file entry.cif (mmCIF, C-alpha atoms)
data_entry
loop_
_atom_site.label_atom_id
_atom_site.label_comp_id
_atom_site.auth_asym_id
_atom_site.auth_seq_id
_atom_site.Cartn_x
_atom_site.Cartn_y
_atom_site.Cartn_z
CA MET A 1222 14.06 50.72 65.50
CA ARG A 1223 10.84 51.67 63.72
CA HIS A 1224 12.41 50.33 60.52
CA LEU A 1225 12.51 46.74 61.75
CA GLY A 1226 10.06 45.97 58.94
CA VAL A 1227 12.53 47.08 56.27
CA LEU A 1228 15.22 45.04 57.98
CA TRP A 1229 12.95 41.99 58.02
CA VAL A 1230 12.18 42.32 54.30
CA THR A 1231 15.86 42.79 53.45
CA PHE A 1232 17.23 39.81 55.40
CA GLN A 1233 17.56 36.56 53.42
CA SER A 1234 18.41 34.28 56.34
CA GLU A 1235 15.36 32.78 58.05
CA GLN A 1236 17.08 32.94 61.45
CA TRP A 1237 17.73 36.66 61.12
CA ARG A 1238 14.17 37.22 59.98
CA ILE A 1239 12.89 35.42 63.08
CA ARG A 1240 15.21 37.55 65.24
CA VAL A 1241 13.87 40.79 63.71
CA LEU A 1242 10.19 39.81 63.81
CA THR A 1243 10.64 38.62 67.40
CA GLU A 1244 12.04 42.03 68.32
CA ALA A 1245 9.07 43.79 66.70
CA VAL A 1246 6.52 41.54 68.46
CA PHE A 1247 8.39 41.92 71.76
CA ARG A 1248 8.12 45.71 71.46
CA VAL A 1249 4.42 45.60 70.63
CA ALA A 1250 3.75 43.23 73.58
CA LYS A 1251 5.77 45.35 76.02
CA ASN A 1252 4.11 48.60 74.94
CA THR A 1253 0.64 47.04 75.04
CA ILE A 1254 1.15 45.81 78.61
CA GLN A 1255 2.57 49.18 79.71
CA SER A 1256 -0.38 50.98 78.14
CA LEU A 1257 -2.86 48.58 79.80
CA MET A 1258 -1.14 49.15 83.15
CA ARG A 1259 -1.28 52.94 82.81
CA LYS A 1260 -5.01 52.78 82.04
CA ALA A 1261 -5.69 50.34 84.88
CA ILE A 1262 -3.77 52.43 87.42
CA LYS A 1263 -5.72 55.56 86.41
CA ARG A 1264 -9.04 53.77 86.65
CA LEU A 1265 -8.59 51.50 89.65
CA GLU A 1266 -6.30 53.64 91.85
CA PHE A 1267 -5.64 50.43 93.78
CA VAL A 1268 -2.64 50.21 96.10
CA SER A 1269 -2.23 46.42 95.94
CA ASP A 1270 -0.32 44.71 93.09
CA GLU A 1271 -2.98 42.02 92.74
CA PRO A 1272 -5.34 43.52 90.10
CA TYR A 1273 -2.42 44.61 87.93
CA ILE A 1274 -0.81 41.17 88.12
CA ARG A 1275 -4.15 39.66 87.00
CA LEU A 1276 -4.21 42.03 84.06
CA ILE A 1277 -0.65 41.13 83.00
CA VAL A 1278 -1.29 37.39 83.37
CA GLY A 1279 -4.48 37.71 81.30
CA PHE A 1280 -2.65 39.48 78.49
CA ILE A 1281 0.30 37.09 78.53
CA ASN A 1282 -2.06 34.12 78.22
CA LEU A 1283 -3.86 35.87 75.35
CA LEU A 1284 -0.52 36.44 73.65
CA PHE A 1285 1.21 33.09 74.20
CA GLY A 1286 -1.57 30.59 74.96
CA ASP A 1287 -2.43 28.02 72.31
CA THR A 1288 -6.05 29.15 71.95
CA GLU A 1289 -8.39 30.44 69.27
CA ASP A 1290 -8.55 33.80 71.06
CA SER A 1291 -4.79 34.07 70.88
CA ASP A 1292 -4.75 33.23 67.16
CA ASN A 1293 -7.40 35.88 66.51
CA TYR A 1294 -5.41 38.42 68.48
CA TRP A 1295 -2.27 37.72 66.44
CA HIS A 1296 -4.15 37.91 63.12
CA SER A 1297 -5.91 41.15 63.95
CA GLU A 1298 -4.72 43.53 66.67
CA LEU A 1299 -1.11 42.45 66.91
CA TRP A 1300 -0.77 42.37 63.14
CA TRP A 1301 -2.15 45.91 62.84
CA ASN A 1302 0.21 47.08 65.56
CA LEU A 1303 3.15 45.63 63.64
CA ILE A 1304 2.00 47.34 60.43
CA LYS A 1305 1.44 50.69 62.13
CA ASN A 1306 4.73 50.75 64.01
CA PHE A 1307 7.26 48.79 61.97
CA PHE A 1308 5.97 47.76 58.54
CA PHE A 1309 4.75 51.10 57.17
CA VAL A 1310 7.55 51.74 54.65
CA GLY A 1311 7.11 50.88 50.96
CA ASP A 1312 5.62 47.43 50.43
CA CYS A 1313 6.75 45.94 53.76
CA ARG A 1314 3.11 45.44 54.72
CA ASN A 1315 2.47 43.22 51.69
CA HIS A 1316 5.49 41.08 52.54
CA LEU A 1317 4.21 40.58 56.10
CA LYS A 1318 0.71 39.84 54.79
CA LYS A 1319 2.05 36.65 53.23
CA ILE A 1320 2.58 35.17 56.71
CA ARG A 1321 -0.32 36.89 58.48
CA LYS A 1322 -2.13 33.65 59.33
CA GLU A 1323 0.99 31.96 60.66
CA LEU A 1324 2.73 34.92 62.26
CA LYS A 1325 3.25 33.07 65.55
CA LYS A 1326 5.31 30.37 63.82
CA HIS A 1327 7.80 32.98 62.58
CA VAL A 1328 8.53 34.35 66.05
CA ASP A 1329 10.68 33.07 68.93
CA LEU A 1330 8.03 33.03 71.69
CA LEU A 1331 10.47 31.79 74.32
CA SER A 1332 12.80 34.73 73.74
CA ILE A 1333 9.93 37.23 74.19
CA MET A 1334 8.76 35.50 77.35
CA GLU A 1335 12.28 35.48 78.78
CA ARG A 1336 12.75 39.23 78.21
CA LEU A 1337 9.36 40.55 79.32
CA PRO A 1338 9.71 40.18 83.14
CA SER A 1339 12.80 42.38 83.47
CA LYS A 1340 11.43 45.00 81.05
CA LEU A 1341 8.08 45.17 82.84
CA GLY A 1342 9.37 44.86 86.40
CA LEU A 1343 7.89 41.45 87.18
CA GLU A 1344 9.42 39.40 89.95
CA MET A 1345 8.74 35.82 88.88
CA ARG A 1346 8.53 32.82 91.19
CA ASN A 1347 11.63 30.68 91.42
CA GLY A 1348 11.92 28.26 88.56
CA TYR A 1349 9.26 29.83 86.34
CA LEU A 1350 11.66 31.07 83.68
CA LYS A 1351 13.33 27.66 83.67
CA SER A 1352 9.99 25.89 83.20
CA ILE A 1353 9.10 27.83 80.05
CA SER A 1354 12.05 26.42 78.13
CA ILE A 1355 10.54 22.92 78.22
CA LYS A 1356 9.72 21.71 74.71
CA GLY A 1357 6.06 22.16 73.86
CA PHE A 1358 5.48 24.70 76.64
CA PHE A 1359 3.69 27.10 74.31
CA ARG A 1360 1.22 24.42 73.22
CA ARG A 1361 -0.80 24.95 76.39
CA ALA A 1362 -3.73 27.35 76.75
CA VAL A 1363 -2.49 28.83 80.03
CA VAL A 1364 1.20 29.69 80.11
CA MET A 1365 1.16 31.82 83.25
CA LYS A 1366 -0.81 31.82 86.49
CA VAL A 1367 -1.30 34.72 88.92
CA SER A 1368 0.87 32.84 91.44
CA ASP A 1369 3.82 32.86 88.98
CA ILE A 1370 4.30 36.61 89.55
CA LEU A 1371 5.45 37.41 93.07
CA SER A 1372 5.46 41.20 92.82
CA LEU A 1373 5.90 44.24 90.58
CA PHE A 1374 8.87 46.57 90.90
CA PRO A 1375 9.60 49.98 89.34
CA VAL A 1376 11.51 49.91 86.07
CA VAL A 1377 13.86 52.70 85.01
CA THR A 1378 13.50 53.38 81.31
CA SER A 1379 15.08 56.82 80.93
CA GLY A 1380 18.35 55.30 79.76
CA MET A 1381 20.13 58.37 81.11
CA THR A 1382 21.40 56.79 84.27
CA GLU A 1383 21.11 53.45 85.92
CA TYR A 1384 20.49 54.94 89.34
CA PRO A 1385 18.33 58.07 89.11
CA ARG A 1386 18.31 60.25 92.19
CA ALA A 1387 14.68 59.48 93.01
CA PHE A 1388 15.46 55.79 93.38
CA ILE A 1389 18.57 56.46 95.44
CA LEU A 1390 16.38 58.56 97.75
CA TYR A 1391 13.83 55.73 97.89
CA GLU A 1392 16.58 53.24 98.82
CA GLN A 1393 17.94 55.61 101.50
CA VAL A 1394 14.52 56.09 103.08
CA CYS A 1395 13.84 52.33 103.04
CA SER A 1396 17.16 51.43 104.63
CA PHE A 1397 16.73 54.18 107.24
CA LEU A 1398 13.27 52.90 108.17
CA LEU A 1399 14.49 49.32 108.35
CA SER A 1400 17.36 50.36 110.64
CA LEU A 1401 14.92 51.82 113.17
CA PRO A 1402 14.02 49.62 116.14
CA SER A 1403 10.55 48.12 115.85
CA PHE A 1404 9.20 50.01 118.90
CA VAL A 1405 9.40 53.26 116.89
CA PHE A 1406 6.70 51.95 114.57
CA GLN A 1407 4.60 50.65 117.46
CA ASN A 1408 4.36 54.21 118.84
CA PHE A 1409 2.77 55.53 115.65
CA MET B 493 17.59 74.63 63.15
CA PRO B 494 13.80 74.36 63.58
CA ALA B 495 11.67 77.50 63.44
CA ASP B 496 10.35 77.01 66.97
CA ILE B 497 13.64 76.60 68.82
CA GLU B 498 14.08 79.29 71.46
CA VAL B 499 17.10 81.26 72.63
CA HIS B 500 16.77 83.34 75.80
CA ARG B 501 19.20 85.63 77.51
CA GLY B 502 19.02 84.94 81.24
CA THR B 503 19.30 87.50 84.04
CA ASP B 504 22.81 86.13 84.54
CA GLY B 505 23.73 87.37 81.07
CA LYS B 506 24.11 83.83 79.68
CA TYR B 507 22.19 82.50 76.68
CA TYR B 508 19.91 79.50 77.07
CA MET B 509 18.39 77.41 74.30
CA LEU B 510 15.22 75.36 74.62
CA ASP B 511 12.75 73.30 72.58
CA PHE B 512 15.12 70.99 70.78
CA ALA B 513 12.32 68.47 70.15
CA ARG B 514 12.26 69.14 66.39
CA LEU B 515 15.99 69.61 65.94
CA TRP B 516 16.57 66.42 63.92
CA PRO B 517 14.94 66.51 60.47
CA PRO B 518 11.72 64.55 59.97
CA GLU B 519 11.44 61.40 57.93
CA VAL B 520 9.39 61.43 54.75
CA PRO B 521 5.71 61.72 55.83
CA THR B 522 3.91 58.49 56.67
CA GLN B 523 0.59 58.13 54.86
CA GLY B 524 -2.31 58.03 57.31
CA LEU B 525 -0.30 59.42 60.22
CA GLN B 526 -1.19 63.06 60.73
CA ALA B 527 1.67 65.50 61.36
CA SER B 528 4.19 62.64 61.33
CA PHE B 529 6.95 65.24 60.88
CA LEU B 530 6.50 66.05 64.56
CA ILE B 531 7.17 62.55 65.84
CA ARG B 532 9.08 60.52 63.24
CA LYS B 533 12.57 61.99 63.25
CA MET B 534 15.82 60.88 61.68
CA ARG B 535 18.55 59.47 63.90
CA PRO B 536 21.40 61.89 64.66
CA GLU B 537 23.94 59.34 63.34
CA LEU B 538 22.30 59.40 59.90
CA VAL B 539 22.04 63.21 59.79
CA ARG B 540 25.69 63.62 60.81
CA SER B 541 26.96 61.18 58.21
CA PHE B 542 24.89 62.58 55.31
CA PRO B 543 27.00 65.00 53.20
CA LYS B 544 24.27 67.61 52.76
CA PRO B 545 22.85 69.67 55.61
CA LEU B 546 19.22 68.69 56.21
CA CYS B 547 16.38 71.02 57.15
CA SER B 548 14.66 70.49 60.51
CA ASP B 549 11.48 72.07 59.08
CA ALA B 550 11.26 69.92 55.95
CA PHE B 551 7.73 68.71 55.10
CA SER B 552 6.19 71.23 57.49
CA ARG B 553 4.56 74.64 57.20
CA PHE B 554 7.30 76.07 59.37
CA GLN B 555 9.28 76.66 56.19
CA THR B 556 8.95 80.27 55.07
CA GLY B 557 11.39 80.46 52.14
CA GLU B 558 10.70 80.45 48.39
CA ILE B 559 8.96 77.39 46.96
CA THR B 560 12.17 76.29 45.20
CA GLU B 561 14.03 76.42 48.51
CA ARG B 562 11.30 74.46 50.27
CA ASP B 563 11.33 71.85 47.51
CA GLU B 564 15.07 71.52 47.84
CA ASN B 565 14.80 71.06 51.61
CA ASN B 566 12.19 68.34 51.16
CA ARG B 567 14.16 66.69 48.37
CA GLU B 568 17.30 66.46 50.50
CA VAL B 569 15.36 64.76 53.28
CA VAL B 570 13.98 62.30 50.72
CA GLU B 571 17.55 61.67 49.50
CA ALA B 572 18.70 60.93 53.05
CA PHE B 573 15.75 58.62 53.60
CA ILE B 574 16.32 56.73 50.36
CA PHE B 575 19.95 56.44 51.35
CA LEU B 576 18.92 54.85 54.64
CA MET B 577 16.52 52.41 53.00
CA LYS B 578 18.47 51.45 49.89
CA VAL B 579 22.06 51.64 51.11
CA VAL B 580 22.43 51.64 54.90
CA VAL B 581 19.87 48.93 55.70
CA PRO B 582 20.93 46.47 52.93
CA SER B 583 24.62 46.87 53.78
CA PHE B 584 23.79 46.32 57.46
CA THR B 585 21.82 43.13 56.79
CA ARG B 586 24.48 41.78 54.40
CA HIS B 587 27.15 42.46 57.01
CA LEU B 588 25.20 40.67 59.74
CA GLU B 589 24.32 37.68 57.56
CA SER B 590 27.92 37.18 56.51
CA THR B 591 29.52 37.66 59.94
CA ILE B 592 27.02 36.08 62.36
CA THR B 593 25.69 32.68 61.39
CA ASP B 594 25.55 30.85 64.73
CA PRO B 595 21.82 30.48 65.65
CA LEU B 596 22.48 31.17 69.34
CA ALA B 597 24.49 34.31 68.54
CA ILE B 598 21.68 35.51 66.26
CA ARG B 599 19.10 34.83 68.96
CA ASN B 600 21.04 36.84 71.55
CA PHE B 601 22.15 39.61 69.19
CA ARG B 602 21.34 43.11 70.48
CA LEU B 603 19.74 44.88 67.54
CA THR B 604 19.19 48.36 69.02
CA PRO B 605 22.81 49.51 69.56
CA ALA B 606 23.90 47.90 66.29
CA MET B 607 21.17 49.65 64.29
CA HIS B 608 21.89 53.05 65.82
CA GLU B 609 25.60 52.71 65.21
CA LYS B 610 24.95 51.82 61.56
CA GLY B 611 23.73 55.37 60.90
CA ASN B 612 27.43 56.34 60.90
CA HIS B 613 28.19 55.39 57.36
CA PRO B 614 31.29 56.14 55.30
CA PRO B 615 30.66 58.99 52.82
CA PHE B 616 31.58 56.67 49.93
CA PHE B 617 28.15 55.04 50.00
CA ILE B 618 26.38 58.38 49.99
CA GLU B 619 28.32 59.64 46.98
CA SER B 620 27.63 56.47 45.03
CA LEU B 621 23.95 56.74 45.86
CA ILE B 622 23.66 60.33 44.68
CA ALA B 623 25.70 59.58 41.57
CA HIS B 624 23.23 56.90 40.59
CA SER B 625 20.26 59.22 41.15
CA LEU B 626 17.90 56.62 42.48
CA PHE B 627 14.84 58.79 42.19
CA HIS B 628 13.30 61.84 40.67
CA PHE B 629 11.40 64.16 42.92
CA SER B 630 9.32 66.92 41.37
CA ARG B 631 7.65 69.61 43.41
CA ASN B 632 4.20 68.54 42.24
CA GLN B 633 4.64 65.08 43.74
CA HIS B 634 3.39 64.42 47.22
CA ALA B 635 6.14 62.31 48.72
CA THR B 636 5.22 59.59 51.16
CA LEU B 637 7.17 56.64 52.45
CA GLY B 638 5.41 54.33 50.01
CA SER B 639 5.91 56.50 46.96
CA VAL B 640 9.61 57.25 47.45
CA VAL B 641 10.78 53.80 48.50
CA GLY B 642 8.59 51.60 46.32
CA ASP B 643 9.27 47.89 46.30
CA LEU B 644 11.91 46.74 48.72
CA PRO B 645 14.16 43.87 47.70
CA GLU B 646 12.97 40.34 48.37
#
call {"tool": "encode", "arguments": {"input": "entry.cif", "output": "structure tokens"}}
result
Amino acid sequence: MRHLGVLWVTFQSEQWRIRVLTEAVFRVAKNTIQSLMRKAIKRLEFVSDEPYIRLIVGFINLLFGDTEDSDNYWHSELWWNLIKNFFFVGDCRNHLKKIRKELKKHVDLLSIMERLPSKLGLEMRNGYLKSISIKGFFRRAVVMKVSDILSLFPVVTSGMTEYPRAFILYEQVCSFLLSLPSFVFQNF
Amino acid sequence: MPADIEVHRGTDGKYYMLDFARLWPPEVPTQGLQASFLIRKMRPELVRSFPKPLCSDAFSRFQTGEITERDENNREVVEAFIFLMKVVVPSFTRHLESTITDPLAIRNFRLTPAMHEKGNHPPFFIESLIAHSLFHFSRNQHATLGSVVGDLPE
């Protein structure tokens, strides 16, 4: 997948080019959020979801909001991330440079936004994903509020098995605890 | 096989192999990315479908053979990489553009499995590539992704 840049340069069809660039931006966004989360967890060591949800919402608004900050982010950091990870072969970088200032227009923002919650383990409030498909949604400065994310859940990315043993154990312990009568907990 | 792969004979008399991390040959070094041969590896599908065996230690100091042998190892990896860039990728994009034209189907198309599968290429393409000798690689040249691929098609 690191040769998405070559694919993008080789495609003639504008729709396929959008599909490929969207995939590259999606991957950069997902990895950036995961990296931010890892750093925040190390630093904050906070048990509650709340600070991490704030962090995610802040980044998503920086990425998708119609603001000057967002434009600067796309022209600088995001662009460099694309070059470093996907557009490093041959003259791919020069091809991408031609659209550097209007990168956002060549990407399907809705598609990225639709895919991020399941990849990052975000439980969204009912109706949020439906609301983002409204025309002109991405013309607002704030596209997500803290209250739009209900909780965070663990995501399995190993790809080896859908149900790793650790999660089966977690489910077993949870269902066992829930099956206990409430007075057991009161005695602790 | 890479120089640092390990084979151990266990107390049960069986043989165990470890450290397969560098088993697949590296891609041509990326300029500005130090020791890229350790992290940027070729896909198994591409290595399997390429007619020549490729060296896991190409472009690294793990190679201990004669300079001519090392050059040959590096050159074969460059050949495989050029094959990927100039043959596999263009045929893949042409195939997609001619078979999938519905905007919704393009939007929902799953690129990852399709791209990995495309590494399995019929040998015909490889032969035609080698026959046309797309490049010349001398041992004095320092190959990088930019220098071996050059301008990609518009």
call {"tool": "interface_residues", "arguments": {"input": "entry.cif", "of": "chain A", "to": "chain B", "cutoff": "9 Å", "atoms": "only C-alpha atoms", "output": "list in words"}}
result
Met1222, His1224, Val1227, Leu1228, Val1230, Thr1231, Phe1232, Gln1233, Ser1234, Gln1236, Trp1237, Ile1239, Arg1240, Val1241, Glu1244, Phe1309, Val1310, Gly1311, Asp1312, Cys1313, His1316, Asp1329 and Ser1332 of chain A
call {"tool": "residues_near_point", "arguments": {"input": "entry.cif", "point": "(12.6, 32.4, 75.4)", "cutoff": "10 Å", "atoms": "all atoms listed in the file", "output": "number ranges by chain"}}
result
A: 1329-1337, 1350-1351, 1353-1354; B: 599
call {"tool": "write_last_selection", "arguments": {"input": "entry.cif", "atoms": "C-alpha atoms", "output": "compact mmCIF listing (two decimals), in the frame of the given file"}}
result
# COMPACT_ATOMS: atom_id res chain seq x y z
CA ASP A 1329 10.68 33.07 68.93
CA LEU A 1330 8.03 33.03 71.69
CA LEU A 1331 10.47 31.79 74.32
CA SER A 1332 12.80 34.73 73.74
CA ILE A 1333 9.93 37.23 74.19
CA MET A 1334 8.76 35.50 77.35
CA GLU A 1335 12.28 35.48 78.78
CA ARG A 1336 12.75 39.23 78.21
CA LEU A 1337 9.36 40.55 79.32
CA LEU A 1350 11.66 31.07 83.68
CA LYS A 1351 13.33 27.66 83.67
CA ILE A 1353 9.10 27.83 80.05
CA SER A 1354 12.05 26.42 78.13
CA ARG B 599 19.10 34.83 68.96
call {"tool": "atom_distance", "arguments": {"input": "entry.cif", "atom1": "atom CA of B:Ala597", "atom2": "atom CA of A:Gly1286"}}
result
27.1 Å
call {"tool": "closest_residue", "arguments": {"input": "entry.cif", "among": "A:Leu1225, A:Val1364, A:Ile1304, A:Leu1242", "to": "A:Thr1288", "atoms": "all atoms listed in the file"}}
result
A:Val1364
call {"tool": "resolve_selection", "arguments": {"input": "entry.cif", "expression": "the PyMOL selection byres ((chain B and resi 566) around 9)", "output": "list in words"}}
result
Val520, Leu546, Cys547, Asp549, Ala550, Phe551, Glu561, Arg562, Asp563, Glu564, Asn565, Arg567, Glu568, Val569, Val570, Glu571 and Ala635 of chain B
call {"tool": "atom_distance", "arguments": {"input": "entry.cif", "atom1": "atom CA of A:Trp1300", "atom2": "atom CA of A:Arg1321"}}
result
7.2 Å
call {"tool": "axis_aligned_box", "arguments": {"input": "entry.cif", "around": "stretch 591-596 of chain B", "padding_each_side": "3 Å", "output": "lines of an AutoDock Vina configuration file"}}
result
center_x = 25.7
center_y = 34.1
center_z = 64.6
size_x = 13.7
size_y = 13.2
size_z = 15.4
call {"tool": "residues_around", "arguments": {"input": "entry.cif", "residues": "A:Asp1287", "least_positions_apart": "6", "cutoff": "10 Å", "atoms": "all atoms listed in the file", "output": "JSON, numbers by chain"}}
result
{"A": [1358, 1359, 1360, 1361, 1362, 1363, 1364]}
call {"tool": "residues_around", "arguments": {"input": "entry.cif", "residues": "A:Asn1347", "least_positions_apart": "6", "cutoff": "10 Å", "atoms": "all atoms listed in the file", "output": "list in words"}}
result
Asp1369, Ile1370 and Leu1371 of chain A
